[in-house]
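S.K.: See query-v2.cif below, with mmCIF, C-alpha atoms.
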data_input
loop_
_atom_site.group_PDB
_atom_site.id
_atom_site.type_symbol
_atom_site.label_atom_id
_atom_site.label_comp_id
_atom_site.auth_asym_id
_atom_site.auth_seq_id
_atom_site.Cartn_x
_atom_site.Cartn_y
_atom_site.Cartn_z
ATOM 1 C CA MET U 5 43.770 73.134 -142.677
ATOM 2 C CA SER U 6 40.259 74.482 -142.589
ATOM 3 C CA SER U 7 37.351 74.874 -140.217
ATOM 4 C CA ARG U 8 33.598 74.907 -140.682
ATOM 5 C CA LYS U 9 30.982 75.262 -137.952
ATOM 6 C CA ALA U 10 27.221 75.073 -137.572
ATOM 7 C CA THR U 11 25.313 75.875 -134.393
ATOM 8 C CA LEU U 12 22.669 73.241 -133.603
ATOM 9 C CA ARG U 13 21.762 74.062 -129.957
ATOM 10 C CA LEU U 14 20.519 70.504 -129.479
ATOM 11 C CA SER U 15 20.489 70.902 -125.707
ATOM 12 C CA GLU U 16 17.704 73.463 -126.166
ATOM 13 C CA ASN U 17 15.788 71.080 -128.456
ATOM 14 C CA ILE U 18 14.858 68.540 -125.788
ATOM 15 C CA ASP U 19 11.214 68.031 -124.787
ATOM 16 C CA ASP U 20 9.878 67.362 -121.285
ATOM 17 C CA GLU U 21 10.391 63.614 -121.754
ATOM 18 C CA GLY U 22 14.070 64.076 -122.542
ATOM 19 C CA ARG U 23 13.686 63.421 -126.278
ATOM 20 C CA ILE U 24 15.399 65.393 -129.023
ATOM 21 C CA ILE U 25 12.473 66.988 -130.860
ATOM 22 C CA PRO U 26 11.939 66.164 -134.575
ATOM 23 C CA GLU U 27 13.179 69.594 -135.690
ATOM 24 C CA GLY U 28 16.433 69.093 -133.768
ATOM 25 C CA ALA U 29 16.957 65.581 -135.139
ATOM 26 C CA ALA U 30 16.323 66.812 -138.687
ATOM 27 C CA ARG U 31 18.785 69.672 -138.260
ATOM 28 C CA LEU U 32 21.425 67.292 -136.890
ATOM 29 C CA THR U 33 20.959 64.874 -139.787
ATOM 30 C CA LYS U 34 21.133 67.628 -142.390
ATOM 31 C CA THR U 35 24.282 69.090 -140.844
ATOM 32 C CA VAL U 36 26.057 65.733 -140.614
ATOM 33 C CA ALA U 37 25.249 65.072 -144.288
ATOM 34 C CA GLU U 38 26.546 68.509 -145.276
ATOM 35 C CA PHE U 39 29.774 68.179 -143.310
ATOM 36 C CA ALA U 40 30.416 64.638 -144.564
ATOM 37 C CA SER U 41 30.077 65.998 -148.099
ATOM 38 C CA ILE U 42 32.550 68.817 -147.330
ATOM 39 C CA ALA U 43 35.034 66.301 -145.914
ATOM 40 C CA LYS U 44 34.752 64.111 -149.004
ATOM 41 C CA SER U 45 35.143 67.001 -151.457
ATOM 42 C CA SER U 46 38.167 68.214 -149.456
ATOM 43 C CA GLY U 47 39.936 64.884 -149.956
ATOM 44 C CA CYS U 48 39.540 63.668 -146.380
ATOM 45 C CA VAL U 49 40.360 59.948 -146.261
ATOM 46 C CA GLN U 50 39.058 59.249 -142.751
ATOM 47 C CA LEU U 51 36.115 60.812 -140.947
ATOM 48 C CA MET U 52 35.980 61.042 -137.148
ATOM 49 C CA SER U 53 32.445 61.855 -136.047
ATOM 50 C CA PHE U 54 31.399 62.279 -132.433
ATOM 51 C CA ALA U 55 28.345 63.374 -130.485
ATOM 52 C CA THR U 56 28.383 64.767 -126.959
ATOM 53 C CA SER U 57 25.977 65.448 -124.094
ATOM 54 C CA ALA U 58 22.729 66.358 -125.888
ATOM 55 C CA VAL U 59 22.727 63.139 -127.923
ATOM 56 C CA ARG U 60 24.304 61.109 -125.138
ATOM 57 C CA GLU U 61 21.559 61.891 -122.635
ATOM 58 C CA ALA U 62 18.522 62.028 -124.925
ATOM 59 C CA THR U 63 15.984 59.299 -124.228
ATOM 60 C CA ASN U 64 15.644 58.734 -127.979
ATOM 61 C CA SER U 65 19.392 58.734 -128.608
ATOM 62 C CA ASP U 66 19.447 55.341 -130.361
ATOM 63 C CA GLU U 67 16.611 56.410 -132.648
ATOM 64 C CA VAL U 68 18.331 59.671 -133.597
ATOM 65 C CA LEU U 69 21.698 57.971 -134.193
ATOM 66 C CA ALA U 70 20.021 55.334 -136.376
ATOM 67 C CA ARG U 71 18.368 58.047 -138.461
ATOM 68 C CA VAL U 72 21.669 59.842 -138.975
ATOM 69 C CA ARG U 73 23.375 56.590 -139.969
ATOM 70 C CA HIS U 74 20.568 55.612 -142.356
ATOM 71 C CA GLU U 75 20.262 59.004 -144.097
ATOM 72 C CA THR U 76 23.925 60.047 -144.191
ATOM 73 C CA GLY U 77 25.994 56.874 -143.897
ATOM 74 C CA VAL U 78 27.868 58.445 -140.981
ATOM 75 C CA ASP U 79 28.101 56.435 -137.758
ATOM 76 C CA LEU U 80 28.213 59.012 -134.959
ATOM 77 C CA ARG U 81 30.101 57.767 -131.911
ATOM 78 C CA VAL U 82 28.896 59.078 -128.564
ATOM 79 C CA LEU U 83 31.556 60.375 -126.186
ATOM 80 C CA ALA U 84 31.145 59.782 -122.472
ATOM 81 C CA GLY U 85 31.221 62.949 -120.392
ATOM 82 C CA VAL U 86 34.397 61.937 -118.570
ATOM 83 C CA ASP U 87 36.093 61.318 -121.928
ATOM 84 C CA GLU U 88 35.122 64.832 -123.006
ATOM 85 C CA ALA U 89 36.848 66.179 -119.910
ATOM 86 C CA ARG U 90 39.966 64.046 -120.434
ATOM 87 C CA LEU U 91 40.374 64.873 -124.120
ATOM 88 C CA THR U 92 39.837 68.581 -123.525
ATOM 89 C CA PHE U 93 42.432 68.439 -120.765
ATOM 90 C CA LEU U 94 44.906 66.821 -123.192
ATOM 91 C CA ALA U 95 44.451 69.738 -125.599
ATOM 92 C CA VAL U 96 44.954 72.284 -122.821
ATOM 93 C CA ARG U 97 48.102 70.527 -121.598
ATOM 94 C CA ARG U 98 49.578 70.469 -125.096
ATOM 95 C CA TRP U 99 48.799 74.174 -125.525
ATOM 96 C CA TYR U 100 50.435 75.313 -122.282
ATOM 97 C CA GLY U 101 53.118 72.619 -121.938
ATOM 98 C CA TRP U 102 54.625 70.815 -118.981
ATOM 99 C CA SER U 103 55.939 74.002 -117.363
ATOM 100 C CA ALA U 104 52.373 75.023 -116.512
ATOM 101 C CA GLY U 105 52.381 72.566 -113.592
ATOM 102 C CA ARG U 106 49.025 71.416 -112.250
ATOM 103 C CA ILE U 107 46.252 72.598 -114.557
ATOM 104 C CA LEU U 108 42.609 72.962 -113.577
ATOM 105 C CA ASN U 109 40.325 73.180 -116.600
ATOM 106 C CA LEU U 110 36.671 74.219 -116.917
ATOM 107 C CA ASP U 111 34.649 73.732 -120.097
ATOM 108 C CA ILE U 112 31.023 74.831 -120.466
ATOM 109 C CA GLY U 113 29.044 73.135 -123.209
ATOM 110 C CA GLY U 114 25.409 73.259 -124.148
ATOM 111 C CA GLY U 115 24.426 70.227 -122.094
ATOM 112 C CA SER U 116 27.235 69.690 -119.609
ATOM 113 C CA LEU U 117 30.083 71.222 -117.648
ATOM 114 C CA GLU U 118 33.396 69.368 -117.807
ATOM 115 C CA LEU U 119 35.995 69.807 -115.058
ATOM 116 C CA SER U 120 39.471 68.305 -114.866
ATOM 117 C CA SER U 121 42.683 68.685 -112.894
ATOM 118 C CA GLY U 122 46.121 67.140 -113.148
ATOM 119 C CA CYS U 123 49.878 67.449 -113.605
ATOM 120 C CA ASP U 124 50.211 64.977 -116.484
ATOM 121 C CA GLU U 125 48.562 64.709 -119.915
ATOM 122 C CA ALA U 126 45.767 62.685 -118.347
ATOM 123 C CA PRO U 127 43.985 64.433 -115.473
ATOM 124 C CA ASP U 128 43.937 63.033 -111.959
ATOM 125 C CA VAL U 129 40.266 64.036 -111.695
ATOM 126 C CA ALA U 130 37.832 64.328 -114.622
ATOM 127 C CA LEU U 131 34.165 65.180 -114.061
ATOM 128 C CA SER U 132 31.142 65.842 -116.237
ATOM 129 C CA LEU U 133 28.140 67.585 -114.679
ATOM 130 C CA PRO U 134 24.689 68.250 -116.217
ATOM 131 C CA LEU U 135 25.214 72.008 -115.944
ATOM 132 C CA GLY U 136 25.451 73.097 -119.575
ATOM 133 C CA ALA U 137 24.353 76.570 -120.641
ATOM 134 C CA GLY U 138 21.677 75.339 -123.030
ATOM 135 C CA ARG U 139 20.244 72.837 -120.558
ATOM 136 C CA LEU U 140 19.995 75.449 -117.773
ATOM 137 C CA THR U 141 18.444 77.994 -120.127
ATOM 138 C CA ARG U 142 15.788 75.453 -121.077
ATOM 139 C CA ASP U 143 15.122 74.351 -117.485
ATOM 140 C CA TRP U 144 15.531 77.609 -115.565
ATOM 141 C CA LEU U 145 15.570 80.743 -117.707
ATOM 142 C CA ARG U 146 12.739 80.509 -120.200
ATOM 143 C CA GLU U 147 11.596 84.102 -119.660
ATOM 144 C CA ASP U 148 13.309 86.790 -121.688
ATOM 145 C CA PRO U 149 14.898 88.596 -119.892
ATOM 146 C CA PRO U 150 15.091 85.972 -117.132
ATOM 147 C CA GLY U 151 14.253 88.209 -114.175
ATOM 148 C CA LYS U 152 16.247 89.084 -111.062
ATOM 149 C CA HIS U 153 14.563 86.541 -108.791
ATOM 150 C CA ARG U 154 15.030 83.651 -111.212
ATOM 151 C CA VAL U 155 18.712 84.483 -111.640
ATOM 152 C CA ALA U 156 19.159 84.570 -107.848
ATOM 153 C CA VAL U 157 17.464 81.185 -107.406
ATOM 154 C CA LEU U 158 19.601 79.577 -110.125
ATOM 155 C CA ARG U 159 22.738 81.125 -108.638
ATOM 156 C CA ASP U 160 21.998 79.564 -105.221
ATOM 157 C CA TRP U 161 21.189 76.190 -106.802
ATOM 158 C CA LEU U 162 24.459 76.184 -108.752
ATOM 159 C CA ASP U 163 26.438 76.992 -105.606
ATOM 160 C CA ALA U 164 24.954 73.918 -103.936
ATOM 161 C CA GLU U 165 25.610 71.717 -106.983
ATOM 162 C CA MET U 166 29.287 72.719 -107.092
ATOM 163 C CA VAL U 167 30.206 71.891 -103.475
ATOM 164 C CA ILE U 168 31.116 68.218 -103.918
ATOM 165 C CA PRO U 169 32.779 68.498 -107.379
ATOM 166 C CA ALA U 170 34.900 71.420 -106.158
ATOM 167 C CA LYS U 171 36.097 69.399 -103.180
ATOM 168 C CA GLN U 172 37.023 66.481 -105.435
ATOM 169 C CA LEU U 173 39.067 68.741 -107.680
ATOM 170 C CA LEU U 174 40.813 70.687 -104.928
ATOM 171 C CA ASP U 175 41.604 67.550 -102.944
ATOM 172 C CA SER U 176 43.826 66.491 -105.850
ATOM 173 C CA GLY U 177 45.933 69.623 -105.363
ATOM 174 C CA ARG U 178 45.736 73.376 -105.802
ATOM 175 C CA PRO U 179 46.217 74.399 -109.449
ATOM 176 C CA ASP U 180 49.223 76.303 -110.737
ATOM 177 C CA LEU U 181 47.122 77.387 -113.718
ATOM 178 C CA ALA U 182 43.319 77.670 -113.989
ATOM 179 C CA VAL U 183 41.964 77.529 -117.547
ATOM 180 C CA GLY U 184 38.620 78.012 -119.266
ATOM 181 C CA THR U 185 37.809 76.443 -122.639
ATOM 182 C CA SER U 186 34.759 76.612 -124.933
ATOM 183 C CA LYS U 187 32.942 79.308 -126.845
ATOM 184 C CA THR U 188 31.088 80.377 -123.696
ATOM 185 C CA PHE U 189 34.284 81.262 -121.840
ATOM 186 C CA ARG U 190 35.742 83.009 -124.885
ATOM 187 C CA THR U 191 32.590 85.121 -125.225
ATOM 188 C CA LEU U 192 32.542 86.012 -121.530
ATOM 189 C CA ALA U 193 36.190 87.025 -121.657
ATOM 190 C CA ARG U 194 35.568 89.153 -124.740
ATOM 191 C CA LEU U 195 32.662 90.937 -123.047
ATOM 192 C CA THR U 196 34.850 91.728 -120.036
ATOM 193 C CA GLY U 197 37.639 93.268 -122.083
ATOM 194 C CA ALA U 198 39.710 90.465 -123.626
ATOM 195 C CA ALA U 199 41.092 90.826 -127.136
ATOM 196 C CA PRO U 200 38.787 89.906 -130.062
ATOM 197 C CA SER U 201 39.295 86.690 -132.003
ATOM 198 C CA GLY U 202 40.877 88.705 -134.797
ATOM 199 C CA ALA U 203 43.910 89.304 -132.573
ATOM 200 C CA GLY U 204 44.833 85.642 -133.056
ATOM 201 C CA PRO U 205 45.019 82.564 -130.819
ATOM 202 C CA ARG U 206 48.354 83.518 -129.247
ATOM 203 C CA GLU U 207 46.931 86.634 -127.626
ATOM 204 C CA ARG U 208 46.604 86.161 -123.867
ATOM 205 C CA ARG U 209 42.988 86.366 -122.699
ATOM 206 C CA ILE U 210 41.791 86.476 -119.101
ATOM 207 C CA LEU U 211 38.403 86.209 -117.410
ATOM 208 C CA SER U 212 38.237 87.665 -113.894
ATOM 209 C CA SER U 213 35.619 86.864 -111.270
ATOM 210 C CA SER U 214 34.997 90.559 -110.599
ATOM 211 C CA GLY U 215 34.495 91.305 -114.278
ATOM 212 C CA LEU U 216 32.167 88.325 -114.589
ATOM 213 C CA ARG U 217 29.961 89.496 -111.705
ATOM 214 C CA GLN U 218 29.599 92.928 -113.273
ATOM 215 C CA LEU U 219 28.795 91.368 -116.637
ATOM 216 C CA ILE U 220 26.044 89.153 -115.174
ATOM 217 C CA ALA U 221 24.369 92.161 -113.565
ATOM 218 C CA PHE U 222 24.363 93.816 -116.996
ATOM 219 C CA ILE U 223 23.329 91.009 -119.370
ATOM 220 C CA SER U 224 20.704 89.443 -117.073
ATOM 221 C CA ARG U 225 18.558 92.570 -117.521
ATOM 222 C CA MET U 226 18.760 92.389 -121.322
ATOM 223 C CA THR U 227 16.682 90.426 -123.806
ATOM 224 C CA ALA U 228 18.377 87.807 -125.971
ATOM 225 C CA ALA U 229 17.950 90.097 -128.982
ATOM 226 C CA ASP U 230 19.728 92.924 -127.163
ATOM 227 C CA ARG U 231 22.542 90.616 -126.040
ATOM 228 C CA ALA U 232 23.029 89.552 -129.662
ATOM 229 C CA GLU U 233 23.890 93.174 -130.465
ATOM 230 C CA LEU U 234 26.897 93.085 -128.126
ATOM 231 C CA GLU U 235 30.294 92.788 -129.794
ATOM 232 C CA GLY U 236 31.459 89.179 -129.798
ATOM 233 C CA VAL U 237 28.021 87.652 -129.127
ATOM 234 C CA SER U 238 26.324 85.693 -131.903
ATOM 235 C CA SER U 239 22.548 85.442 -132.179
ATOM 236 C CA ASP U 240 22.921 81.658 -131.767
ATOM 237 C CA ARG U 241 24.622 82.094 -128.386
ATOM 238 C CA SER U 242 22.782 85.094 -126.966
ATOM 239 C CA GLN U 243 19.900 83.030 -125.582
ATOM 240 C CA GLN U 244 22.090 80.906 -123.320
ATOM 241 C CA LEU U 245 24.687 83.523 -122.402
ATOM 242 C CA VAL U 246 23.225 84.350 -118.967
ATOM 243 C CA ALA U 247 23.101 80.699 -117.922
ATOM 244 C CA GLY U 248 26.653 80.168 -119.173
ATOM 245 C CA ALA U 249 27.859 83.171 -117.204
ATOM 246 C CA LEU U 250 26.172 81.902 -114.037
ATOM 247 C CA VAL U 251 27.807 78.473 -114.432
ATOM 248 C CA ALA U 252 31.193 80.129 -114.922
ATOM 249 C CA GLU U 253 30.664 82.310 -111.854
ATOM 250 C CA ALA U 254 29.554 79.411 -109.643
ATOM 251 C CA SER U 255 32.493 77.260 -110.774
ATOM 252 C CA MET U 256 35.050 79.969 -110.131
ATOM 253 C CA ARG U 257 33.524 80.792 -106.738
ATOM 254 C CA ALA U 258 33.428 77.136 -105.635
ATOM 255 C CA LEU U 259 37.045 76.634 -106.699
ATOM 256 C CA SER U 260 38.230 79.981 -105.240
ATOM 257 C CA LEU U 261 39.501 81.191 -108.615
ATOM 258 C CA ASP U 262 39.993 84.923 -109.165
ATOM 259 C CA THR U 263 40.984 84.546 -112.822
ATOM 260 C CA LEU U 264 40.939 82.044 -115.684
ATOM 261 C CA GLU U 265 43.244 81.874 -118.677
ATOM 262 C CA ILE U 266 41.271 81.297 -121.872
ATOM 263 C CA CYS U 267 42.703 78.478 -123.993
ATOM 264 C CA PRO U 268 41.919 78.416 -127.739
ATOM 265 C CA TRP U 269 42.151 74.609 -127.869
ATOM 266 C CA ALA U 270 39.433 72.327 -126.491
ATOM 267 C CA LEU U 271 37.672 69.019 -127.265
ATOM 268 C CA ARG U 272 38.075 69.123 -131.045
ATOM 269 C CA GLU U 273 41.835 69.611 -130.750
ATOM 270 C CA GLY U 274 42.014 66.912 -128.080
ATOM 271 C CA LEU U 275 40.401 64.408 -130.451
ATOM 272 C CA ILE U 276 42.789 65.391 -133.247
ATOM 273 C CA LEU U 277 45.841 65.176 -130.979
ATOM 274 C CA ARG U 278 44.831 61.762 -129.697
ATOM 275 C CA LYS U 279 44.339 60.567 -133.279
ATOM 276 C CA LEU U 280 47.792 61.864 -134.241
ATOM 277 C CA ASP U 281 49.288 60.081 -131.232
ATOM 278 C CA THR U 282 47.601 56.857 -132.332
ATOM 279 C CA ASP U 283 48.892 57.122 -135.880
ATOM 280 C CA LEU U 284 52.440 57.745 -134.665
ATOM 281 C CA ASP U 285 52.271 54.806 -132.277
ATOM 282 C CA SER U 286 51.037 52.482 -135.043
ATOM 283 C CA GLU U 287 53.901 53.237 -137.447
ATOM 284 C CA PRO U 288 56.356 50.329 -137.969
ATOM 285 C CA GLY U 289 59.035 50.385 -135.308
ATOM 286 C CA ALA U 290 57.286 53.078 -133.287
ATOM 287 C CA GLY U 291 56.990 52.685 -129.555
ATOM 288 C CA ASN U 292 54.297 54.075 -127.340
ATOM 289 C CA GLY U 293 55.042 57.802 -127.376
ATOM 290 C CA ARG U 294 52.667 58.566 -124.500
ATOM 291 C CA PRO U 295 53.987 59.153 -120.996
ATOM 292 C CA SER U 296 53.087 56.436 -118.523
ATOM 293 C CA GLY U 297 49.505 56.495 -117.357
ATOM 294 C CA ILE U 298 48.127 58.077 -120.547
ATOM 295 C CA PRO U 299 45.213 55.992 -121.852
ATOM 296 C CA GLY U 300 45.259 54.863 -125.441
ATOM 297 C CA PRO U 301 42.679 56.081 -127.947
ATOM 298 C CA THR U 302 40.447 53.046 -127.681
ATOM 299 C CA GLU U 303 40.384 53.385 -123.911
ATOM 300 C CA THR U 304 39.485 57.052 -124.027
ATOM 301 C CA VAL U 305 37.406 57.644 -127.121
ATOM 302 C CA SER U 306 35.497 54.436 -127.744
ATOM 303 C CA ARG U 307 33.805 53.804 -124.403
#
Using structure tokens, write down the structure from this file.
M.R.:
Amino acid sequence: MSSRKATLRLSENIDDEGRIIPEGAARLTKTVAEFASIAKSSGCVQLMSFATSAVREATNSDEVLARVRHETGVDLRVLAGVDEARLTFLAVRRWYGWSAGRILNLDIGGGSLELSSGCDEAPDVALSLPLGAGRLTRDWLREDPPGKHRVAVLRDWLDAEMVIPAKQLLDSGRPDLAVGTSKTFRTLARLTGAAPSGAGPRERRILSSSGLRQLIAFISRMTAADRAELEGVSSDRSQQLVAGALVAEASMRALSLDTLEICPWALREGLILRKLDTDLDSEPGAGNGRPSGIPGPTETVSR
């Protein structure tokens, strides 16, 4: 019905001890309060609130969650990384349908990279790796611009990190369709020639490995401020764009992918779809509408 977003970049607001810094925790609390108010004024009767990798892995996670609960009344539930991958995969499967065959999905977040592969609505393999664009920017690319040597070192490190996950995914079967989800992939596709968001979600968008390599050579020499001037790049995302591009490149190289289809649905839609499935299953006289092997909502979301 409607959509509202706020960019928090929590993965870049982690100190050397792994704690979310006070400014980040305050921004999270304020945003949760604002969005809970919007939901209430919009007539929303049930609020689903989830936190992902930055909150999940912070050493002061319990403290931050308690503050949010105390100041806003909202009880944020923390999603496990594997559940992120599984729910995103569900959204991708529903978007492309059964005829797509085996789908391999890649999703780059601020704190983690989710990978999944399967022929059903639940993936055969679901992985979550600490290779998010914000995390890598914070740990590897603090200089602006990052510098040719630093980019080369990170590129080699990512190649090594992707060896085992790529084998796990490919051992389950070669994909019929390779897909990229998340704002990072949409931005990279836009910068390599894909249609703008104004063309609508049904427009086919592709990211090629050759186009990505050329883009990295270009944006890695630019400052974050200059990258923010590029069409399709927001100032909130420009800082972590190089790291996101390097993760995308390493993933595609490790998985021998020449192109990725960009899917407009991702984790948010997966959560909504799973909730709709649950509501349908709970209606009087309704059977379990999920194909065999599909985990129920409590199995997937509430771990």
S.K.: Out of U:Leu280, U:Leu158, U:Leu117, U:Ala126, which residue has the shortest atom-to-atom distance to Arg90 (chain U) when counting all atoms listed in the file?
M.R.: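 Smallest separation from Arg90 (chain U) among the options: U:Ala126.
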S.K.: With a distance cut-off of 8 Å and only C-alpha atoms, select the neighbouring residues of Val251 (chain U), excluding the residue or stretch itself and same-chain residues fewer than 5 positions from it, and output the selection as a list in words.
M.R.: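 Everything that qualifies: Ile112, Leu135, Gly136, Ala137 and Leu162 of chain U.
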S.K.: What gap, in Å, lies between CA of Leu110 (chain U) and CA of Gly28 (chain U)?
M.R.: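 Value for the CA of Leu110 (chain U)-CA of Gly28 (chain U) distance: 26.8 Å.
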S.K.: Do you know which residues the PyMOL selection byres ((chain U and resi 214) around 12) returns on this file, as JSON, numbers by chain?
M.R.: {"U": [193, 196, 210, 211, 212, 213, 215, 216, 217, 218, 219, 220, 221, 252, 253, 256, 257, 261, 262, 263, 264]}
S.K.: Selection from above, C-alpha atoms, as a CSV table (one decimal), in the frame of the given file, can you write it?
M.R.:
chain,number,residue,atom,x,y,z
U,193,ALA,CA,36.2,87.0,-121.7
U,196,THR,CA,34.8,91.7,-120.0
U,210,ILE,CA,41.8,86.5,-119.1
U,211,LEU,CA,38.4,86.2,-117.4
U,212,SER,CA,38.2,87.7,-113.9
U,213,SER,CA,35.6,86.9,-111.3
U,215,GLY,CA,34.5,91.3,-114.3
U,216,LEU,CA,32.2,88.3,-114.6
U,217,ARG,CA,30.0,89.5,-111.7
U,218,GLN,CA,29.6,92.9,-113.3
U,219,LEU,CA,28.8,91.4,-116.6
U,220,ILE,CA,26.0,89.2,-115.2
U,221,ALA,CA,24.4,92.2,-113.6
U,252,ALA,CA,31.2,80.1,-114.9
U,253,GLU,CA,30.7,82.3,-111.9
U,256,MET,CA,35.0,80.0,-110.1
U,257,ARG,CA,33.5,80.8,-106.7
U,261,LEU,CA,39.5,81.2,-108.6
U,262,ASP,CA,40.0,84.9,-109.2
U,263,THR,CA,41.0,84.5,-112.8
U,264,LEU,CA,40.9,82.0,-115.7
S.K.: Hey, can you check how far CA of Val167 (chain U) sits from CA of Trp99 (chain U)?
M.R.: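 Result for CA of Val167 (chain U) versus CA of Trp99 (chain U): 28.9 Å, one decimal.
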S.K.: Could you tell me how far CA of Asp163 (chain U) lies from CA of Asp19 (chain U), in Å and to one decimal?
M.R.: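 That distance, rounded to one decimal, is 26.1 Å.
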S.K.: Restricting the calculation to only C-alpha atoms, which member of U:Asp148, U:Arg81, U:Ala170, U:Gln244 is positioned closest to Glu118 (chain U)?
M.R.: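 Counting only C-alpha atoms, the residue closest to Glu118 (chain U) is U:Ala170.
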S.K.: Which of these, U:Leu69, U:Val246, U:Ile276, U:Ala58, has the shortest distance to Pro134 (chain U) once you count only C-alpha atoms?
M.R.: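 Answer, going by the shortest atom-to-atom distance: U:Ala58.
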S.K.: Expanded to explicit residues, what is the PyMOL selection byres ((chain U and resi 71) around 12) for this file, as a list in words?
M.R.: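 With the PyMOL selection byres ((chain U and resi 71) around 12) on this model, the match is Pro26, Ala29, Ala30, Arg31, Leu32, Thr33, Lys34, Val36, Ala37, Asn64, Ser65, Asp66, Glu67, Val68, Leu69, Ala70, Val72, Arg73, His74, Glu75, Thr76, Gly77, Val78, Asp79 and Leu80 of chain U.
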S.K.: Create the file for the chosen residues now, containing C-alpha atoms and written as a PDB file, in the coordinates of the input.
M.R.:
ATOM      1  CA  PRO U  26      11.939  66.164-134.575  1.00  0.00           C
ATOM      2  CA  ALA U  29      16.957  65.581-135.139  1.00  0.00           C
ATOM      3  CA  ALA U  30      16.323  66.812-138.687  1.00  0.00           C
ATOM      4  CA  ARG U  31      18.785  69.672-138.260  1.00  0.00           C
ATOM      5  CA  LEU U  32      21.425  67.292-136.890  1.00  0.00           C
ATOM      6  CA  THR U  33      20.959  64.874-139.787  1.00  0.00           C
ATOM      7  CA  LYS U  34      21.133  67.628-142.390  1.00  0.00           C
ATOM      8  CA  VAL U  36      26.057  65.733-140.614  1.00  0.00           C
ATOM      9  CA  ALA U  37      25.249  65.072-144.288  1.00  0.00           C
ATOM     10  CA  ASN U  64      15.644  58.734-127.979  1.00  0.00           C
ATOM     11  CA  SER U  65      19.392  58.734-128.608  1.00  0.00           C
ATOM     12  CA  ASP U  66      19.447  55.341-130.361  1.00  0.00           C
ATOM     13  CA  GLU U  67      16.611  56.410-132.648  1.00  0.00           C
ATOM     14  CA  VAL U  68      18.331  59.671-133.597  1.00  0.00           C
ATOM     15  CA  LEU U  69      21.698  57.971-134.193  1.00  0.00           C
ATOM     16  CA  ALA U  70      20.021  55.334-136.376  1.00  0.00           C
ATOM     17  CA  VAL U  72      21.669  59.842-138.975  1.00  0.00           C
ATOM     18  CA  ARG U  73      23.375  56.590-139.969  1.00  0.00           C
ATOM     19  CA  HIS U  74      20.568  55.612-142.356  1.00  0.00           C
ATOM     20  CA  GLU U  75      20.262  59.004-144.097  1.00  0.00           C
ATOM     21  CA  THR U  76      23.925  60.047-144.191  1.00  0.00           C
ATOM     22  CA  GLY U  77      25.994  56.874-143.897  1.00  0.00           C
ATOM     23  CA  VAL U  78      27.868  58.445-140.981  1.00  0.00           C
ATOM     24  CA  ASP U  79      28.101  56.435-137.758  1.00  0.00           C
ATOM     25  CA  LEU U  80      28.213  59.012-134.959  1.00  0.00           C
TER      26      LEU U  80
END
S.K.: For Asp128 (chain U), work out the shell of residues within 12 Å, counting all atoms listed in the file and skipping chain neighbours fewer than 5 positions away, then give it as a VMD selection string.
M.R.: chain U and resid 86 89 to 90 93 to 94 106 to 109 119 to 123 172 to 177 179 297 to 298
S.K.: Put those residues in a file: C-alpha atoms, as a compact mmCIF listing (two decimals), in the coordinates of the input.
M.R.:
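Done, and the output landed in selection_7.txt:
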# COMPACT_ATOMS: atom_id res chain seq x y z
CA VAL U 86 34.40 61.94 -118.57
CA ALA U 89 36.85 66.18 -119.91
CA ARG U 90 39.97 64.05 -120.43
CA PHE U 93 42.43 68.44 -120.76
CA LEU U 94 44.91 66.82 -123.19
CA ARG U 106 49.02 71.42 -112.25
CA ILE U 107 46.25 72.60 -114.56
CA LEU U 108 42.61 72.96 -113.58
CA ASN U 109 40.33 73.18 -116.60
CA LEU U 119 35.99 69.81 -115.06
CA SER U 120 39.47 68.31 -114.87
CA SER U 121 42.68 68.68 -112.89
CA GLY U 122 46.12 67.14 -113.15
CA CYS U 123 49.88 67.45 -113.60
CA GLN U 172 37.02 66.48 -105.44
CA LEU U 173 39.07 68.74 -107.68
CA LEU U 174 40.81 70.69 -104.93
CA ASP U 175 41.60 67.55 -102.94
CA SER U 176 43.83 66.49 -105.85
CA GLY U 177 45.93 69.62 -105.36
CA PRO U 179 46.22 74.40 -109.45
CA GLY U 297 49.50 56.50 -117.36
CA ILE U 298 48.13 58.08 -120.55
S.K.: Which of these, U:Ser242, U:Ser57, U:Ser7, U:Ser116, has the shortest distance to Ile24 (chain U) once you count all atoms listed in the file?
M.R.: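 Nearest candidate to Ile24 (chain U) out of U:Ser242, U:Ser57, U:Ser7, U:Ser116: U:Ser57.
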S.K.: I want to know what sits within 7 Å of region 268-272 of chain U, based on all atoms listed in the file, with residues of the same chain fewer than 2 positions away left out; could you give that as an MDAnalysis selection string?
M.R.: chainID U and resid 88 91:92 95:96 185:186 205 266 274:276
S.K.: Go ahead and fit an axis-aligned box to every listed atom of region 5-13 of chain U plus 8 Å each side, and pass me the centre and edge lengths in Å, one decimal, as JSON.
M.R.:
{"center_x": 32.8, "center_y": 74.5, "center_z": -136.3, "size_x": 38.0, "size_y": 18.7, "size_z": 28.7}
S.K.: Within 9 Å of Arg60 (chain U), counting all atoms listed in the file, which residues qualify if same-chain residues fewer than 4 places away don't, as JSON, numbers by chain?
M.R.: {"U": [55, 56, 65, 82, 83, 84, 85]}
S.K.: On this structure, which residues satisfy the PyMOL selection byres ((chain U and resi 142) around 9), written as a VMD selection string?
M.R.: chain U and resid 15 to 18 137 to 141 143 to 146 244
